[in-house]
file final19.cif (mmCIF, C-alpha atoms)
data_final
loop_
_atom_site.group_PDB
_atom_site.id
_atom_site.type_symbol
_atom_site.label_atom_id
_atom_site.label_comp_id
_atom_site.auth_asym_id
_atom_site.auth_seq_id
_atom_site.Cartn_x
_atom_site.Cartn_y
_atom_site.Cartn_z
ATOM 1 C CA MET A 629 61.008 183.124 176.907
ATOM 2 C CA ARG A 630 59.292 186.347 177.929
ATOM 3 C CA GLY A 631 61.062 188.259 175.159
ATOM 4 C CA ASN A 632 60.012 185.533 172.749
ATOM 5 C CA GLN A 633 56.370 186.005 173.671
ATOM 6 C CA MET A 634 56.656 189.740 173.137
ATOM 7 C CA GLU A 635 57.858 189.032 169.619
ATOM 8 C CA GLN A 636 54.928 186.685 169.053
ATOM 9 C CA ILE A 637 52.412 189.283 170.239
ATOM 10 C CA LYS A 638 54.031 191.922 168.014
ATOM 11 C CA LEU A 639 53.779 189.732 164.928
ATOM 12 C CA PHE A 640 50.230 188.749 165.858
ATOM 13 C CA GLN A 641 49.193 192.404 166.148
ATOM 14 C CA TRP A 642 50.819 193.129 162.804
ATOM 15 C CA ILE A 643 48.720 190.336 161.267
ATOM 16 C CA ASN A 644 45.613 191.874 162.813
ATOM 17 C CA MET A 645 46.518 195.244 161.288
ATOM 18 C CA VAL A 646 47.197 194.113 157.732
ATOM 19 C CA SER A 647 44.229 191.723 157.849
ATOM 20 C CA PHE A 648 41.921 194.570 158.785
ATOM 21 C CA ALA A 649 43.239 196.590 155.843
ATOM 22 C CA VAL A 650 42.588 193.670 153.473
ATOM 23 C CA ASN A 651 39.125 193.116 154.928
ATOM 24 C CA ASP A 652 38.128 196.737 154.681
ATOM 25 C CA ILE A 653 39.365 197.322 151.129
ATOM 26 C CA THR A 654 37.617 194.099 150.073
ATOM 27 C CA LEU A 655 34.242 195.606 150.991
ATOM 28 C CA TYR A 656 35.113 198.809 149.144
ATOM 29 C CA LEU A 657 36.248 196.941 146.034
ATOM 30 C CA ASP A 658 33.024 194.928 145.982
ATOM 31 C CA THR A 659 31.188 198.087 144.986
ATOM 32 C CA HIS A 660 34.102 199.874 143.224
ATOM 33 C CA PRO A 661 35.633 197.035 141.166
ATOM 34 C CA THR A 662 37.663 199.259 138.792
ATOM 35 C CA ASP A 663 39.234 201.677 141.284
ATOM 36 C CA GLN A 664 42.922 201.329 140.444
ATOM 37 C CA ASN A 665 44.184 202.883 143.677
ATOM 38 C CA ALA A 666 42.064 200.477 145.688
ATOM 39 C CA ILE A 667 43.344 197.513 143.666
ATOM 40 C CA ALA A 668 46.940 198.563 144.301
ATOM 41 C CA TYR A 669 46.122 198.992 148.014
ATOM 42 C CA PHE A 670 44.545 195.543 148.131
ATOM 43 C CA ASN A 671 47.480 193.837 146.394
ATOM 44 C CA HIS A 672 49.961 195.566 148.690
ATOM 45 C CA PHE A 673 48.308 194.561 151.958
ATOM 46 C CA ARG A 674 47.229 191.115 150.784
ATOM 47 C CA GLN A 675 50.861 190.336 150.026
ATOM 48 C CA MET A 676 51.987 191.589 153.453
ATOM 49 C CA ARG A 677 49.286 189.506 155.137
ATOM 50 C CA THR A 678 50.277 186.312 153.308
ATOM 51 C CA LYS A 679 53.924 186.912 154.202
ATOM 52 C CA ALA A 680 53.162 187.583 157.860
ATOM 53 C CA LEU A 681 50.888 184.528 158.157
ATOM 54 C CA ALA A 682 53.607 182.292 156.694
ATOM 55 C CA GLU A 683 56.184 183.738 159.089
ATOM 56 C CA TYR A 684 53.851 183.264 162.069
ATOM 57 C CA GLU A 685 53.157 179.680 161.061
ATOM 58 C CA GLN A 686 56.868 178.884 160.888
ATOM 59 C CA LEU A 687 57.580 180.308 164.333
ATOM 60 C CA TYR A 688 54.422 179.617 166.351
ATOM 61 C CA GLY A 689 51.881 177.559 164.388
ATOM 62 C CA PRO A 690 49.098 178.178 161.868
ATOM 63 C CA LEU A 691 46.414 180.879 162.121
ATOM 64 C CA THR A 692 44.751 179.817 158.861
ATOM 65 C CA ILE A 693 44.529 176.389 157.294
ATOM 66 C CA ASP A 694 46.072 177.790 154.103
ATOM 67 C CA SER A 695 49.250 178.767 155.912
ATOM 68 C CA ALA A 696 49.499 175.430 157.768
ATOM 69 C CA MET A 697 52.631 173.478 156.841
ATOM 70 C CA PRO A 698 52.796 170.609 159.341
ATOM 71 C CA GLU A 699 56.054 168.716 159.633
ATOM 72 C CA ASP A 700 55.716 166.025 162.285
ATOM 73 C CA LYS A 701 52.682 167.184 164.258
ATOM 74 C CA TRP A 702 49.245 168.525 163.385
ATOM 75 C CA LEU A 703 48.966 171.809 165.308
ATOM 76 C CA TRP A 704 45.768 173.181 163.728
ATOM 77 C CA SER A 705 43.438 171.345 166.115
ATOM 78 C CA THR A 706 45.740 171.032 169.116
ATOM 79 C CA GLN A 707 46.703 174.675 169.593
ATOM 80 C CA PRO A 708 44.263 176.874 171.550
ATOM 81 C CA MET A 709 41.488 178.996 170.062
ATOM 82 C CA PRO A 710 41.615 182.737 170.854
ATOM 83 C CA TRP A 711 39.171 182.296 173.739
ATOM 84 C CA GLU A 712 41.092 179.313 175.128
ATOM 85 C CA GLY A 713 44.269 181.221 175.809
ATOM 86 C CA GLY A 714 45.343 181.805 172.237
ATOM 87 C CA PHE A 715 45.952 185.402 171.236
ATOM 88 C CA CYS A 716 43.341 187.917 170.167
ATOM 89 C CA MET B 821 32.709 177.509 151.067
ATOM 90 C CA TRP B 822 33.637 179.003 154.445
ATOM 91 C CA ASN B 823 36.863 179.095 156.334
ATOM 92 C CA TYR B 824 37.965 180.314 159.767
ATOM 93 C CA GLU B 825 41.084 181.860 161.231
ATOM 94 C CA LYS B 826 42.393 181.294 164.758
ATOM 95 C CA ARG B 827 42.300 185.014 165.308
ATOM 96 C CA LEU B 828 39.683 187.636 166.160
ATOM 97 C CA GLN B 829 39.058 190.627 163.935
ATOM 98 C CA TYR B 830 39.118 192.832 167.000
ATOM 99 C CA PRO B 831 40.949 191.996 170.242
ATOM 100 C CA VAL B 832 38.768 191.008 173.210
ATOM 101 C CA ASN B 833 40.323 191.014 176.656
ATOM 102 C CA ILE B 834 37.879 190.371 179.460
ATOM 103 C CA THR B 835 39.362 191.468 182.784
ATOM 104 C CA GLN B 836 36.325 190.834 185.029
ATOM 105 C CA THR B 837 33.125 188.832 184.641
ATOM 106 C CA ASN B 838 29.791 190.675 184.589
ATOM 107 C CA PRO B 839 26.667 188.489 184.273
ATOM 108 C CA GLN B 840 24.384 191.473 183.637
ATOM 109 C CA ILE B 841 26.381 192.732 180.671
ATOM 110 C CA ALA B 842 26.796 189.138 179.504
ATOM 111 C CA GLN B 843 23.007 188.846 179.327
ATOM 112 C CA VAL B 844 22.780 191.900 177.055
ATOM 113 C CA ILE B 845 25.625 190.686 174.850
ATOM 114 C CA ILE B 846 24.223 187.188 174.424
ATOM 115 C CA SER B 847 20.897 188.684 173.336
ATOM 116 C CA GLN B 848 22.659 191.020 170.890
ATOM 117 C CA PHE B 849 24.371 187.929 169.556
ATOM 118 C CA GLY B 850 21.649 185.275 169.259
ATOM 119 C CA GLY B 851 18.516 187.201 170.219
ATOM 120 C CA PRO B 852 15.567 188.284 168.047
ATOM 121 C CA ASP B 853 17.430 191.199 166.460
ATOM 122 C CA GLY B 854 20.931 189.878 166.984
ATOM 123 C CA GLU B 855 24.019 189.348 164.904
ATOM 124 C CA LEU B 856 23.234 185.738 164.030
ATOM 125 C CA ALA B 857 19.879 186.725 162.524
ATOM 126 C CA ALA B 858 21.544 189.609 160.668
ATOM 127 C CA SER B 859 24.192 187.334 159.143
ATOM 128 C CA MET B 860 21.558 184.936 157.808
ATOM 129 C CA ARG B 861 19.503 187.861 156.491
ATOM 130 C CA TYR B 862 22.465 189.255 154.533
ATOM 131 C CA LEU B 863 23.302 185.838 153.160
ATOM 132 C CA SER B 864 19.781 185.065 151.985
ATOM 133 C CA GLN B 865 19.139 188.542 150.570
ATOM 134 C CA ARG B 866 22.234 188.282 148.411
ATOM 135 C CA TYR B 867 20.433 185.760 146.147
ATOM 136 C CA THR B 868 17.765 188.215 145.044
ATOM 137 C CA MET B 869 20.008 191.270 144.777
ATOM 138 C CA PRO B 870 20.047 192.228 141.069
ATOM 139 C CA TYR B 871 23.346 194.175 141.179
ATOM 140 C CA LYS B 872 26.442 192.006 141.132
ATOM 141 C CA GLU B 873 28.522 194.508 143.109
ATOM 142 C CA VAL B 874 25.968 194.554 145.900
ATOM 143 C CA SER B 875 25.323 190.811 146.050
ATOM 144 C CA GLY B 876 29.086 190.387 146.370
ATOM 145 C CA LEU B 877 29.109 192.940 149.167
ATOM 146 C CA LEU B 878 26.220 191.182 150.936
ATOM 147 C CA THR B 879 28.135 187.897 150.766
ATOM 148 C CA ASP B 880 31.190 189.495 152.351
ATOM 149 C CA ILE B 881 29.230 191.354 155.017
ATOM 150 C CA GLY B 882 27.161 188.256 155.860
ATOM 151 C CA THR B 883 30.360 186.284 156.194
ATOM 152 C CA GLU B 884 31.817 188.929 158.466
ATOM 153 C CA GLU B 885 28.698 188.870 160.639
ATOM 154 C CA CYS B 886 29.096 185.094 160.991
ATOM 155 C CA ALA B 887 32.518 185.705 162.504
ATOM 156 C CA ARG B 888 30.744 187.271 165.472
ATOM 157 C CA CYS B 889 30.206 183.726 166.718
ATOM 158 C CA CYS B 890 33.604 184.261 168.327
ATOM 159 C CA TYR B 891 33.379 187.913 169.381
ATOM 160 C CA PRO B 892 29.756 189.047 169.743
#
call {"tool": "encode", "arguments": {"input": "final19.cif", "output": "structure tokens"}}
result
Amino acid sequence: MRGNQMEQIKLFQWINMVSFAVNDITLYLDTHPTDQNAIAYFNHFRQMRTKALAEYEQLYGPLTIDSAMPEDKWLWSTQPMPWEGGFC
Amino acid sequence: MWNYEKRLQYPVNITQTNPQIAQVIISQFGGPDGELAASMRYLSQRYTMPYKEVSGLLTDIGTEECARCCYP
């Protein structure tokens, strides 16, 4: 169980990392819309973020509504927010 | 138009409570020159910004400021 939670925290931190990269390059691209290197950077990290969010959803529950794929229970509203004991 | 994630952009781990610091933070958040006011300023200024690149940037920055609801 403990080892399992370590894995969850690791994946969560990875999501934080790639999400920050996506966020940051988004602001840059807003004012530099034709920078090819930045576009490649965006596509790379956006793909990693989507993949990581889907993996997290499958194992632990959804972090975004777009990655939510409920089977028999709606977890979006029942799982804790970051300040209620969720991760941050 | 907006969406939220069950995740903070930057980790917050409070180890001990401190009412004095809390008072400063809550004012930085919702006070006269706080983050909430800033977010609304960005989002309303975007409408009169003549450059597309910059109005897009103001939208994204205003959105980001709104996220401070969860981590002032």
call {"tool": "residues_around", "arguments": {"input": "final19.cif", "residues": "B:Glu855", "least_positions_apart": "3", "cutoff": "10 Å", "atoms": "only C-alpha atoms", "output": "JSON, numbers by chain"}}
result
{"B": [846, 847, 848, 849, 850, 851, 852, 858, 859, 860, 861, 882, 885, 886, 887, 888, 889, 892]}
call {"tool": "resolve_selection", "arguments": {"input": "final19.cif", "expression": "the PyMOL selection byres ((chain A) within 9 of (chain B))", "output": "PDB file with C-alpha atoms, in the frame of the given file"}}
result
ATOM      1  CA  PHE A 640      50.230 188.749 165.858  1.00  0.00           C
ATOM      2  CA  ASN A 644      45.613 191.874 162.813  1.00  0.00           C
ATOM      3  CA  SER A 647      44.229 191.723 157.849  1.00  0.00           C
ATOM      4  CA  PHE A 648      41.921 194.570 158.785  1.00  0.00           C
ATOM      5  CA  THR A 654      37.617 194.099 150.073  1.00  0.00           C
ATOM      6  CA  LEU A 655      34.242 195.606 150.991  1.00  0.00           C
ATOM      7  CA  TYR A 656      35.113 198.809 149.144  1.00  0.00           C
ATOM      8  CA  LEU A 657      36.248 196.941 146.034  1.00  0.00           C
ATOM      9  CA  ASP A 658      33.024 194.928 145.982  1.00  0.00           C
ATOM     10  CA  THR A 659      31.188 198.087 144.986  1.00  0.00           C
ATOM     11  CA  HIS A 660      34.102 199.874 143.224  1.00  0.00           C
ATOM     12  CA  PRO A 661      35.633 197.035 141.166  1.00  0.00           C
ATOM     13  CA  PRO A 690      49.098 178.178 161.868  1.00  0.00           C
ATOM     14  CA  LEU A 691      46.414 180.879 162.121  1.00  0.00           C
ATOM     15  CA  THR A 692      44.751 179.817 158.861  1.00  0.00           C
ATOM     16  CA  ILE A 693      44.529 176.389 157.294  1.00  0.00           C
ATOM     17  CA  TRP A 704      45.768 173.181 163.728  1.00  0.00           C
ATOM     18  CA  PRO A 708      44.263 176.874 171.550  1.00  0.00           C
ATOM     19  CA  MET A 709      41.488 178.996 170.062  1.00  0.00           C
ATOM     20  CA  PRO A 710      41.615 182.737 170.854  1.00  0.00           C
ATOM     21  CA  TRP A 711      39.171 182.296 173.739  1.00  0.00           C
ATOM     22  CA  GLY A 714      45.343 181.805 172.237  1.00  0.00           C
ATOM     23  CA  PHE A 715      45.952 185.402 171.236  1.00  0.00           C
ATOM     24  CA  CYS A 716      43.341 187.917 170.167  1.00  0.00           C
TER      25      CYS A 716
END
call {"tool": "residues_around", "arguments": {"input": "final19.cif", "residues": "A:Asn632", "least_positions_apart": "6", "cutoff": "12 Å", "atoms": "only C-alpha atoms", "output": "JSON, numbers by chain"}}
result
{"A": [638, 639, 687, 688]}
call {"tool": "atom_distance", "arguments": {"input": "final19.cif", "atom1": "atom CA of A:Leu703", "atom2": "atom CA of A:Gly689"}}
result
6.5 Å
call {"tool": "atom_distance", "arguments": {"input": "final19.cif", "atom1": "atom CA of A:Ala680", "atom2": "atom CA of A:Asn651"}}
result
15.4 Å
call {"tool": "residues_around", "arguments": {"input": "final19.cif", "residues": "A:Tyr669", "least_positions_apart": "5", "cutoff": "12 Å", "atoms": "all atoms listed in the file", "output": "list in words"}}
result
Val646, Ala649, Val650, Asn651, Asp652, Ile653, Thr654, Tyr656, Leu657, Asp663, Gln664, Arg674, Gln675 and Met676 of chain A
call {"tool": "closest_residue", "arguments": {"input": "final19.cif", "among": "A:Ala682, A:Ala668, A:Met634, A:Ile643", "to": "A:Met697", "atoms": "only C-alpha atoms"}}
result
A:Ala682
call {"tool": "decode", "arguments": {"input": "final19.cif", "residues": "stretch 843-854 of chain B", "atoms": "C-alpha atoms", "output": "compact mmCIF listing (two decimals), in the first residue's frame"}}
result
# COMPACT_ATOMS: atom_id res chain seq x y z
CA GLN B 843 -3.83 37.62 7.28
CA VAL B 844 -1.21 38.91 4.83
CA ILE B 845 -1.90 36.11 2.35
CA ILE B 846 -5.67 36.58 2.40
CA SER B 847 -5.19 40.28 1.68
CA GLN B 848 -2.78 39.50 -1.17
CA PHE B 849 -5.47 37.19 -2.48
CA GLY B 850 -8.74 39.13 -2.18
CA GLY B 851 -7.57 42.53 -0.95
CA PRO B 852 -7.52 45.89 -2.76
CA ASP B 853 -4.43 45.06 -4.82
CA GLY B 854 -4.76 41.30 -4.69
